[in-house]
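Report on the structure given below.
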Amino acid sequence: MASRQKTKTYPQGTVITEPDGKVYVADKNGALVFQSQNPIASDVKSSKEKYGALGLTNLDSYVSKGKFNEAKAQADVVKNIYGLDPKQYTKNGVLDFKGATEKYQYELPKITLQKNDPTNFTQAVTRYSDALSSIRSVGIENINSKDYTSLQSVAKQLRDFDSKDLGVNAKQIIANAQQAIDAIDEVRNQRDQVTRQAGRVQQTRSGSQKQSEQGKLFVEQDKLARLVATANQNTPKYIESFSRFGLEDIGGVTGQKVAGVAKVSAGLEALRGENFFDASKSGLAGKLNLQVTDDQILNDINTQKKNQYKSLYDIGTAATTDLQSQITQANQFLADLPSNDRRRVETQKSIDSLTSELAQAQKDTLEAKNLYEGYQPISGEQATSAVSKFRESLRLPEERTLAQIESIDPTVGATVRGLAKQYQAMAETPLEATTSPETEAFRRDVEQRIAGQVALGSQLGAEEQRQYQQAARAAQTARGNIFGVAPAVEEAVTTGLAGEQRLQARLGAAQGFLASGQSMSDAMARDVGLRNALTQSRLGAAQGFIASGPTMYNLASQRLGQQQNILNNYLAASAPQATGGFQATPSAANPYAYVNPNAGFVGAQNAASIYNTLADLQASQYGSQVGAIANSYRSPGQEFASIAGGISGFSGLFGSPGSSAFFRG
């Protein structure tokens, strides 16, 4: 046999049977190729393997007289394996096994759904990406109802993970997933439209109406082809976009450091450096130094410090919980990534960084917990320093400004304080009496004497009365009237008249004294009035010094006002300035505020000028084109004559139009 193969070739398909029963068949090159020991047995074996692979059992029942009944096997496969009706695929007694197989394979699901739902966003993306890749292998236009339902299911599972915590890339993936579903919906809807239009074509009789429906069918088919092409082109892009999201895109893992870790570290550092007290958060804030005691300050400081340790402990606990959650998510994300995914390296780096942060957070949290639970109140120099700092925080702004003033010019401060003390002493020191004791004693004696004289009334003094009596007696004796009662009457009248005169003199003296303004009450009134006037003058001077004079408070207020004005000017300079209105006339100072009232009309003129120029150009170009077309135009007759003239040169090759050679070509 070997020599025969080397020395001779055979037509393709030639069968040679050797004496030993071996069968050889010639290939396309004429070489003999071993076929089998028994061609019939080999054919049966091959058929069994073929239909056994399709799912048929009891294959020996299909073998009769050494031959395999392939028609019966195909019918059983279509009915029992494919679940189809063989009659629907039989025409003229022949089963279209290929068509039934294609229908069966079309209806086979290409997407394998997991029994359990995805537990995280990464799993949901992977499942959707795998499903879309399976659809891509058969083409968007060939997706069956089962796969369409499965694809919608995995798309919904993916959308269920949508939240505000997802990153931009993750949200774009969800959007792309929905766009892919929308594209498939368009293809399916358009495919149904093509089917309906094809039915209309079949139902329409021949003629113009059928041609019209046929034209519509072509349009619908073209639209379907374009939608299919677009969907198949975009599907790889969607699948590729699913690999663009990273650890930072899934909710809860931002890729940034947890703020609580830094807060705990910074808080502990501040407490170690004694920067632990915030006076603005104290219940003593807003009070004056003289209103609080050192014990109150220390109690407030200790309470606040212990509360800060508790706050740091709580923040650290929350931070460690957050970090542990992020590490868990990151590990899950890493586990869900394929082994050759490029994102595994960066994810592992993130996990290492989060683990390092977790260790630091746990350490700081434990320290804060121990300090809180075993807190010891501050004492000694630390307490003294804390009280001093807190009292400094209670100082009014004016007090700090006064310290600045005295630091700038100590003389001014000392002078102002001295003036303040003088005005204070002047306002507080009572005025002494404005009269001398001697004058007041003399005034009192005179007033008492006059009062004593007035008290005597018309009574005469013993000496004065004796003188008036002797004078009356002497006058009676000289007249010789010494006998009887006449002298006694005369003496009594004279004495009584003198008493009345003395009374009038006494009353006149008293009235003159009272009218002179030199009485004790008059002097007292003058003294009180003068002292009141002086007191009001002093108080007014002190008030003027306080209100507008160079007091320490006024100096501090003026300096604070100047500082505030500087700050306000700075803020005003940095704030955006409001623009003024437009002006109808040009201004050199503000040229940008001018608007030409004729701007609209000028613009219209410019537009008209430009349009006319373009119109002229287009007209010129159009005229040139028309001329060129007219010059190059040749009628159908001229074209045919030219073509006929060209063909005449080749007439010898084809023969004359009337000869048979012309038709034979």
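Residues in the structure tokens are numbered from 1 in each chain, the chains being A, B, ... in the order shown, and ligands are numbered from 1 in the order shown.
Using only C-alpha atoms, the protein and nucleic acid residues lying no more than 10 Å from A:Asp336, apart from those fewer than 5 places from it along its own chain, are A:Asn120, A:Phe121, A:Thr122, A:Gln123, A:Thr126, A:Ala330, A:Asn331, A:Arg344.
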File of the preceding selection, N, CA, C and O atoms, as a PDB file, in the first residue's frame:
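File selection.pdb, as written:
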```pdb
ATOM      1  N   ASN A 120     -22.702  43.125  46.313  1.00  0.00           N
ATOM      2  CA  ASN A 120     -22.040  44.427  46.235  1.00  0.00           C
ATOM      3  C   ASN A 120     -22.049  44.911  44.797  1.00  0.00           C
ATOM      4  O   ASN A 120     -22.411  44.181  43.863  1.00  0.00           O
ATOM      5  N   PHE A 121     -21.659  46.172  44.651  1.00  0.00           N
ATOM      6  CA  PHE A 121     -21.709  46.815  43.336  1.00  0.00           C
ATOM      7  C   PHE A 121     -20.770  46.135  42.345  1.00  0.00           C
ATOM      8  O   PHE A 121     -21.102  45.985  41.164  1.00  0.00           O
ATOM      9  N   THR A 122     -19.609  45.701  42.799  1.00  0.00           N
ATOM     10  CA  THR A 122     -18.642  45.072  41.898  1.00  0.00           C
ATOM     11  C   THR A 122     -19.203  43.791  41.300  1.00  0.00           C
ATOM     12  O   THR A 122     -19.066  43.538  40.092  1.00  0.00           O
ATOM     13  N   GLN A 123     -19.844  42.980  42.119  1.00  0.00           N
ATOM     14  CA  GLN A 123     -20.443  41.757  41.608  1.00  0.00           C
ATOM     15  C   GLN A 123     -21.547  42.067  40.603  1.00  0.00           C
ATOM     16  O   GLN A 123     -21.667  41.392  39.571  1.00  0.00           O
ATOM     17  N   THR A 126     -19.912  43.043  37.326  1.00  0.00           N
ATOM     18  CA  THR A 126     -19.316  41.883  36.663  1.00  0.00           C
ATOM     19  C   THR A 126     -20.381  41.017  36.003  1.00  0.00           C
ATOM     20  O   THR A 126     -20.220  40.571  34.856  1.00  0.00           O
ATOM     21  N   ALA A 330     -13.141  47.089  50.631  1.00  0.00           N
ATOM     22  CA  ALA A 330     -11.989  47.032  49.729  1.00  0.00           C
ATOM     23  C   ALA A 330     -11.549  45.589  49.491  1.00  0.00           C
ATOM     24  O   ALA A 330     -11.221  45.201  48.353  1.00  0.00           O
ATOM     25  N   ASN A 331     -11.520  44.790  50.541  1.00  0.00           N
ATOM     26  CA  ASN A 331     -11.162  43.374  50.377  1.00  0.00           C
ATOM     27  C   ASN A 331     -12.174  42.646  49.509  1.00  0.00           C
ATOM     28  O   ASN A 331     -11.815  41.795  48.685  1.00  0.00           O
ATOM     29  N   ARG A 344      -6.135  45.532  40.601  1.00  0.00           N
ATOM     30  CA  ARG A 344      -5.798  44.800  41.821  1.00  0.00           C
ATOM     31  C   ARG A 344      -4.629  45.454  42.564  1.00  0.00           C
ATOM     32  O   ARG A 344      -4.601  45.506  43.796  1.00  0.00           O
TER      33      ARG A 344
END
```
Exercise for the section: Name the closest residue to A:Gln296 among the candidates A:Arg443, A:Arg342, A:Arg391, A:Lys171; distances are taken between atoms, counting only C-alpha atoms. Expected result: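 Closest candidate: A:Arg391.
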Practice task
Can you work out which one of A:Asn302, A:Thr230, A:Leu419, A:Ala425 has the shortest atom-to-atom distance to A:Tyr375, counting only C-alpha atoms?
Solution key: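 Closest to A:Tyr375 of all the choices is A:Asn302.
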Exercise for the section: Quick one: pull the distance between atom CA of A:Ala31 and atom CA of A:Pro11, Å, one decimal. Expected result: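 Pair atom CA of A:Ala31 / atom CA of A:Pro11 returns 8.7 Å.
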Exercise for the section: Calculate how many Å separate atom CA of A:Lys363 from atom CA of A:Gln332, rounding to one decimal. Expected result: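 The value is 25.4 Å.
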Practice task
List the neighbours of A:Ile184 out to 9 Å using only C-alpha atoms; skip same-chain residues closer than 2 positions along the sequence, and give me the result as a list in words.
Solution key: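 The residues satisfying every condition are Ile140, Glu141, Ile143, Tyr148, Gln179, Ala180, Ile181, Asp182, Glu186, Val187, Arg188, Asn189, Leu227, Val228 and Ala231 of chain A.
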How would the residues just chosen look if you wrote them out with all heavy atoms as a short mmCIF file (atom, residue, chain, number, x, y, z; two decimals), in the first residue's frame?
```cif
data_model
loop_
_atom_site.label_atom_id
_atom_site.label_comp_id
_atom_site.auth_asym_id
_atom_site.auth_seq_id
_atom_site.Cartn_x
_atom_site.Cartn_y
_atom_site.Cartn_z
N ILE A 140 -26.49 41.68 18.81
CA ILE A 140 -27.64 42.28 19.47
C ILE A 140 -28.94 41.88 18.77
O ILE A 140 -29.97 41.68 19.40
CB ILE A 140 -27.49 43.81 19.49
CG1 ILE A 140 -26.29 44.22 20.34
CG2 ILE A 140 -28.75 44.48 20.01
CD1 ILE A 140 -26.38 43.84 21.78
N GLU A 141 -28.89 41.74 17.43
CA GLU A 141 -30.10 41.44 16.68
C GLU A 141 -30.59 40.01 16.91
O GLU A 141 -31.73 39.68 16.57
CB GLU A 141 -29.86 41.66 15.18
CG GLU A 141 -28.93 40.67 14.52
CD GLU A 141 -27.44 40.99 14.72
OE1 GLU A 141 -27.14 41.84 15.57
OE2 GLU A 141 -26.62 40.40 14.01
N ILE A 143 -30.67 38.37 19.94
CA ILE A 143 -31.01 38.11 21.34
C ILE A 143 -32.42 37.55 21.42
O ILE A 143 -33.35 38.06 20.78
CB ILE A 143 -30.87 39.39 22.19
CG1 ILE A 143 -31.19 39.08 23.65
CG2 ILE A 143 -31.74 40.50 21.67
CD1 ILE A 143 -30.92 40.27 24.58
N TYR A 148 -33.12 38.35 26.81
CA TYR A 148 -33.56 39.73 27.01
C TYR A 148 -34.08 39.92 28.43
O TYR A 148 -33.76 40.90 29.11
CB TYR A 148 -34.64 40.08 25.99
CG TYR A 148 -35.20 41.46 26.16
CD1 TYR A 148 -34.45 42.59 25.84
CD2 TYR A 148 -36.49 41.65 26.64
CE1 TYR A 148 -34.97 43.87 26.00
CE2 TYR A 148 -37.02 42.92 26.80
CZ TYR A 148 -36.26 44.02 26.48
OH TYR A 148 -36.78 45.28 26.64
N GLN A 179 -28.41 52.48 28.80
CA GLN A 179 -28.32 52.81 27.38
C GLN A 179 -28.24 51.55 26.53
O GLN A 179 -28.83 51.49 25.44
CB GLN A 179 -27.11 53.70 27.12
CG GLN A 179 -27.27 55.12 27.65
CD GLN A 179 -26.03 55.96 27.43
OE1 GLN A 179 -25.06 55.51 26.81
NE2 GLN A 179 -26.05 57.18 27.94
N ALA A 180 -27.53 50.54 27.02
CA ALA A 180 -27.46 49.28 26.28
C ALA A 180 -28.84 48.64 26.20
O ALA A 180 -29.24 48.12 25.14
CB ALA A 180 -26.47 48.34 26.96
N ILE A 181 -29.59 48.64 27.30
CA ILE A 181 -30.95 48.09 27.29
C ILE A 181 -31.82 48.88 26.31
O ILE A 181 -32.60 48.30 25.54
CB ILE A 181 -31.55 48.13 28.70
CG1 ILE A 181 -30.79 47.20 29.65
CG2 ILE A 181 -33.02 47.76 28.68
CD1 ILE A 181 -30.96 45.74 29.35
N ASP A 182 -31.68 50.20 26.33
CA ASP A 182 -32.48 51.03 25.42
C ASP A 182 -32.15 50.72 23.96
O ASP A 182 -33.05 50.68 23.11
CB ASP A 182 -32.22 52.51 25.70
CG ASP A 182 -32.72 52.92 27.08
OD1 ASP A 182 -33.56 52.19 27.65
OD2 ASP A 182 -32.27 53.96 27.59
N GLU A 186 -34.73 49.28 21.10
CA GLU A 186 -34.94 49.88 19.78
C GLU A 186 -34.80 48.84 18.68
O GLU A 186 -35.60 48.82 17.72
CB GLU A 186 -33.95 51.02 19.56
CG GLU A 186 -34.22 52.26 20.37
CD GLU A 186 -33.25 53.39 20.07
OE1 GLU A 186 -32.24 53.13 19.39
OE2 GLU A 186 -33.52 54.51 20.49
N VAL A 187 -33.80 47.96 18.80
CA VAL A 187 -33.60 46.92 17.79
C VAL A 187 -34.79 45.96 17.77
O VAL A 187 -35.31 45.60 16.70
CB VAL A 187 -32.29 46.17 18.06
CG1 VAL A 187 -32.18 44.94 17.16
CG2 VAL A 187 -31.09 47.09 17.82
N ARG A 188 -35.24 45.54 18.93
CA ARG A 188 -36.36 44.60 19.01
C ARG A 188 -37.64 45.23 18.46
O ARG A 188 -38.40 44.58 17.72
CB ARG A 188 -36.56 44.15 20.45
CG ARG A 188 -35.46 43.23 20.96
CD ARG A 188 -35.58 43.00 22.46
NE ARG A 188 -36.83 42.35 22.83
CZ ARG A 188 -37.02 41.04 22.83
NH1 ARG A 188 -36.03 40.22 22.48
NH2 ARG A 188 -38.19 40.51 23.18
N ASN A 189 -37.88 46.48 18.83
CA ASN A 189 -39.08 47.15 18.33
C ASN A 189 -39.02 47.32 16.81
O ASN A 189 -40.02 47.13 16.12
CB ASN A 189 -39.23 48.52 19.00
CG ASN A 189 -39.54 48.40 20.49
OD1 ASN A 189 -40.07 47.39 20.94
ND2 ASN A 189 -39.19 49.43 21.25
N LEU A 227 -29.68 50.50 13.21
CA LEU A 227 -29.78 50.35 14.66
C LEU A 227 -28.93 49.18 15.15
O LEU A 227 -28.26 49.26 16.19
CB LEU A 227 -31.24 50.14 15.06
CG LEU A 227 -32.17 51.35 14.94
CD1 LEU A 227 -33.60 50.96 15.27
CD2 LEU A 227 -31.72 52.48 15.86
N VAL A 228 -28.96 48.07 14.39
CA VAL A 228 -28.16 46.91 14.77
C VAL A 228 -26.68 47.24 14.72
O VAL A 228 -25.90 46.90 15.63
CB VAL A 228 -28.49 45.71 13.86
CG1 VAL A 228 -27.49 44.58 14.06
CG2 VAL A 228 -29.90 45.22 14.13
N ALA A 231 -25.80 49.54 17.65
CA ALA A 231 -25.81 48.82 18.93
C ALA A 231 -24.60 47.90 19.05
O ALA A 231 -23.95 47.83 20.10
CB ALA A 231 -27.10 48.02 19.06
#
```
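Candidate residues A:Glu432, A:Asp117, A:Glu70, A:Glu102 were compared for distance to A:Tyr82, and the nearest is A:Glu102, using only C-alpha atoms.
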Handout entry: DSSP-assigned alpha helix (DSSP H) among stretch 25-143 of chain A, expressed as a PyMOL selection string
Key = chain A and resi 39-54+70-76+97-107+121-138
Handout entry: Proximity to A:Gly512 - best of A:Ala420, A:Glu447, A:Lys110, A:Leu354, only C-alpha atoms
Key = A:Glu447
Practice task
Could you jot down the atom CA of A:Arg538 to atom CA of A:Gln424 separation for me, Å, one decimal place?
Solution key: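 We find that atom CA of A:Arg538 and atom CA of A:Gln424 lie 9.5 Å from each other.
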Problem - Distance criterion (only C-alpha atoms): nearest to A:Lys237 out of A:Ile173, A:Leu298, A:Val219, A:Ile450 - result: A:Ile173
